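Below is one structure, written out as structure tokens; the observations come after it.
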Amino acid sequence: MRKKSNTDKILTILEATYPDVKTQLDHNSPFQMLVATILSAQCTDRQVNAVTPALFRALPTPRAMAEADLETIEGLIRSTGFFRNKAKHIRNCARGLLEKFDGEVPETLEELTTLPGVGRKTANVVLSACFGKQTVVVDTHVARISRRLGLTARTDPVRIEFDLMDVVPENSRNDFCLRLIFHGRAVCKARRPACAVCPLASICPSAGEASAQ
């Protein structure tokens, strides 16, 4: 019960601190969101947003992406890092969309995760941002801050996802995760969390422990 009570307080404080939240990845379609999310691995949203306009002008559809040379894709996404692997992932993902779903991005976790390069995190981002489904997206910020707040003791993203599903009301999950991401970027950073100015410090069991993960 204590964990549930703390979660209610955390939700209230985060909502007051970050009232308006939305994904920071620019997109105009589920396909664009899917590709952008794959590109965002170990890369900032800002850098992905700098790359995707030219990428989608050159390769605007799953078929265009699926039929493109890897060298062409690599050149368009090079600045996102790990560009060779990412180029393979997004081309294979596009091919999977054509082969399995007639080029349409599916609307279920089970179907999305059958696509090459698409894990639970990527699938949950797309379901949340494009289809309005309430999901728990476990990125590095959500994982770190959830542990610091005592909402989970896990390190495995899937286990963290299910722990958070147990304590966060379904209708709050999308915004909760986005708020943790905003909070992780602004205050609760990995190496030097700004506990002195953190609005959650009074209920955070890790407050003042700079190395807490």
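A note on labels: chains of the structure tokens are A, B, ... as shown, every chain counts residues from 1, and ligands are counted from 1 in their shown order.
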
Select from region 111-142 of chain A every residue with an atom at most 8 Å from any atom of region 172-179 of chain A, then for each give the shortest pair of atoms and their distance in Å to one decimal, using only C-alpha atoms, rows by chain and rising number, as a Markdown table.
```
| residue | atom | partner | partner_atom | distance |
| --- | --- | --- | --- | --- |
| A:Ser128 | CA | A:Asn174 | CA | 6.5 |
| A:Lys133 | CA | A:Asn174 | CA | 8.0 |
| A:Gln134 | CA | A:Asn174 | CA | 5.4 |
| A:Thr135 | CA | A:Asn174 | CA | 5.8 |
| A:Val136 | CA | A:Arg173 | CA | 5.8 |
| A:Val137 | CA | A:Cys177 | CA | 6.2 |
| A:Val138 | CA | A:Cys177 | CA | 7.6 |
| A:Val142 | CA | A:Cys177 | CA | 6.4 |
```

Find the spatial neighbours of region 69-81 of chain A, counting only C-alpha atoms, within a cut-off of 10 Å - ignore same-chain residues fewer than 3 positions away - and output them as a ChimeraX atom specification. /A:39-56,58-59,64-66,84-88,90-91

Distance of CA of Ile145 (chain A) from CA of Leu11 (chain A), expressed in Å to one decimal place: 13.0 Å
